[in-house]
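Input: a single structure, listed below in structure tokens.
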Amino acid sequence: MGKDGKDAHRVTATLTKQQHAEMTRLARKYGMTTAWLVRRACERLIEQENGGPLLPLGLENLNAER
């Protein structure tokens, strides 16, 4: 379950076919898992709702490293 280990909770979400296809495309493009993208999207939403800093997804740097 990644770095979170025992502190993590598994969540099941249903995506539309289009959402799933886009998440899969993005994951392949940036060489990561769709699970990582979903977790990061959750972090961004929580930050936005709490008025905290909106950290970049960090995807831009991945292309430069390839």
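Letters for chains follow the order of the structure tokens (A, B, ...), residue numbers begin at 1 for each chain, and ligand numbers begin at 1 in the order shown.
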
(request) Mind the document's chain letters and residue numbers, and return as a PyMOL selection string the residues of range 5-63 of chain A that DSSP labels helix (DSSP H, G or I). (result) chain A and resi 5-7+17-30+34-49+59-63

Just write the chosen residues, N, CA, C and O atoms, as a compact mmCIF listing (two decimals), in the first residue's frame.
# COMPACT_ATOMS: atom_id res chain seq x y z
N GLY A 5 1.65 2.55 4.46
CA GLY A 5 1.62 1.34 5.27
C GLY A 5 0.35 1.14 6.05
O GLY A 5 -0.74 1.18 5.51
N LYS A 6 0.51 0.95 7.36
CA LYS A 6 -0.63 0.64 8.23
C LYS A 6 -1.57 1.81 8.42
O LYS A 6 -2.70 1.63 8.86
N ASP A 7 -1.12 3.03 8.15
CA ASP A 7 -1.97 4.21 8.33
C ASP A 7 -2.87 4.47 7.13
O ASP A 7 -3.59 5.45 7.10
N LYS A 17 -15.74 5.37 -18.24
CA LYS A 17 -14.77 4.83 -19.19
C LYS A 17 -13.80 5.92 -19.65
O LYS A 17 -12.60 5.68 -19.77
N GLN A 18 -14.33 7.10 -19.87
CA GLN A 18 -13.49 8.21 -20.32
C GLN A 18 -12.51 8.63 -19.23
O GLN A 18 -11.33 8.87 -19.50
N GLN A 19 -12.97 8.73 -17.99
CA GLN A 19 -12.08 9.09 -16.89
C GLN A 19 -10.98 8.05 -16.73
O GLN A 19 -9.80 8.40 -16.56
N HIS A 20 -11.35 6.80 -16.79
CA HIS A 20 -10.36 5.72 -16.64
C HIS A 20 -9.34 5.77 -17.78
O HIS A 20 -8.13 5.64 -17.54
N ALA A 21 -9.81 5.98 -18.98
CA ALA A 21 -8.90 6.06 -20.13
C ALA A 21 -7.93 7.22 -19.98
O ALA A 21 -6.74 7.09 -20.26
N GLU A 22 -8.42 8.36 -19.52
CA GLU A 22 -7.56 9.53 -19.35
C GLU A 22 -6.56 9.31 -18.23
O GLU A 22 -5.39 9.69 -18.35
N MET A 23 -6.99 8.72 -17.13
CA MET A 23 -6.06 8.44 -16.03
C MET A 23 -4.99 7.45 -16.46
O MET A 23 -3.82 7.61 -16.13
N THR A 24 -5.38 6.44 -17.21
CA THR A 24 -4.43 5.46 -17.71
C THR A 24 -3.44 6.12 -18.66
O THR A 24 -2.23 5.87 -18.61
N ARG A 25 -3.95 6.99 -19.53
CA ARG A 25 -3.08 7.70 -20.48
C ARG A 25 -2.07 8.57 -19.74
O ARG A 25 -0.88 8.54 -20.04
N LEU A 26 -2.55 9.32 -18.75
CA LEU A 26 -1.65 10.18 -17.97
C LEU A 26 -0.62 9.36 -17.20
O LEU A 26 0.57 9.72 -17.14
N ALA A 27 -1.06 8.27 -16.61
CA ALA A 27 -0.13 7.42 -15.86
C ALA A 27 0.97 6.88 -16.76
O ALA A 27 2.15 6.90 -16.41
N ARG A 28 0.61 6.43 -17.94
CA ARG A 28 1.62 5.93 -18.89
C ARG A 28 2.54 7.05 -19.34
O ARG A 28 3.75 6.87 -19.44
N LYS A 29 1.95 8.21 -19.63
CA LYS A 29 2.73 9.35 -20.10
C LYS A 29 3.82 9.73 -19.11
O LYS A 29 4.95 10.03 -19.50
N TYR A 30 3.48 9.72 -17.82
CA TYR A 30 4.42 10.15 -16.80
C TYR A 30 5.10 9.01 -16.05
O TYR A 30 5.85 9.24 -15.11
N THR A 34 -1.90 4.80 -11.84
CA THR A 34 -3.13 5.58 -11.73
C THR A 34 -3.45 5.82 -10.25
O THR A 34 -4.00 6.86 -9.89
N ALA A 35 -3.09 4.88 -9.40
CA ALA A 35 -3.33 5.05 -7.96
C ALA A 35 -2.59 6.28 -7.44
O ALA A 35 -3.15 7.05 -6.65
N TRP A 36 -1.36 6.50 -7.88
CA TRP A 36 -0.60 7.67 -7.44
C TRP A 36 -1.31 8.94 -7.90
O TRP A 36 -1.43 9.89 -7.13
N LEU A 37 -1.78 8.94 -9.15
CA LEU A 37 -2.48 10.12 -9.66
C LEU A 37 -3.75 10.40 -8.86
O LEU A 37 -4.04 11.56 -8.56
N VAL A 38 -4.48 9.37 -8.51
CA VAL A 38 -5.71 9.55 -7.73
C VAL A 38 -5.38 10.09 -6.34
O VAL A 38 -6.03 11.02 -5.84
N ARG A 39 -4.35 9.52 -5.71
CA ARG A 39 -3.95 10.02 -4.38
C ARG A 39 -3.54 11.48 -4.45
O ARG A 39 -3.91 12.29 -3.59
N ARG A 40 -2.79 11.85 -5.47
CA ARG A 40 -2.33 13.24 -5.60
C ARG A 40 -3.52 14.17 -5.86
O ARG A 40 -3.57 15.28 -5.35
N ALA A 41 -4.48 13.73 -6.65
CA ALA A 41 -5.68 14.53 -6.90
C ALA A 41 -6.45 14.75 -5.59
O ALA A 41 -6.95 15.85 -5.34
N CYS A 42 -6.52 13.73 -4.75
CA CYS A 42 -7.17 13.87 -3.45
C CYS A 42 -6.43 14.88 -2.59
O CYS A 42 -7.07 15.73 -1.94
N GLU A 43 -5.11 14.81 -2.59
CA GLU A 43 -4.32 15.77 -1.82
C GLU A 43 -4.60 17.20 -2.29
O GLU A 43 -4.76 18.11 -1.48
N ARG A 44 -4.66 17.39 -3.59
CA ARG A 44 -4.91 18.73 -4.13
C ARG A 44 -6.28 19.24 -3.72
O ARG A 44 -6.44 20.41 -3.37
N LEU A 45 -7.30 18.40 -3.78
CA LEU A 45 -8.65 18.81 -3.38
C LEU A 45 -8.68 19.19 -1.91
O LEU A 45 -9.25 20.23 -1.53
N ILE A 46 -8.05 18.40 -1.06
CA ILE A 46 -8.01 18.70 0.36
C ILE A 46 -7.29 20.02 0.62
O ILE A 46 -7.76 20.85 1.39
N GLU A 47 -6.16 20.22 -0.05
CA GLU A 47 -5.43 21.48 0.09
C GLU A 47 -6.29 22.67 -0.33
O GLU A 47 -6.33 23.69 0.34
N GLN A 48 -6.98 22.52 -1.44
CA GLN A 48 -7.84 23.59 -1.96
C GLN A 48 -8.94 23.91 -0.97
O GLN A 48 -9.21 25.07 -0.67
N GLU A 49 -9.59 22.90 -0.45
CA GLU A 49 -10.70 23.10 0.48
C GLU A 49 -10.23 23.70 1.80
O GLU A 49 -10.97 24.42 2.45
N LEU A 59 4.35 16.76 -12.22
CA LEU A 59 4.44 16.00 -13.46
C LEU A 59 5.41 16.65 -14.45
O LEU A 59 6.02 15.95 -15.26
N GLU A 60 5.55 17.96 -14.37
CA GLU A 60 6.39 18.67 -15.32
C GLU A 60 7.84 18.18 -15.26
O GLU A 60 8.49 18.02 -16.28
N ASN A 61 8.34 17.93 -14.08
CA ASN A 61 9.72 17.51 -13.91
C ASN A 61 9.97 16.09 -14.40
O ASN A 61 11.09 15.73 -14.71
N LEU A 62 8.93 15.29 -14.46
CA LEU A 62 9.10 13.90 -14.88
C LEU A 62 9.55 13.80 -16.33
O LEU A 62 10.38 12.97 -16.67
N ASN A 63 9.00 14.64 -17.18
CA ASN A 63 9.41 14.61 -18.59
C ASN A 63 10.86 15.03 -18.75
O ASN A 63 11.56 14.51 -19.60
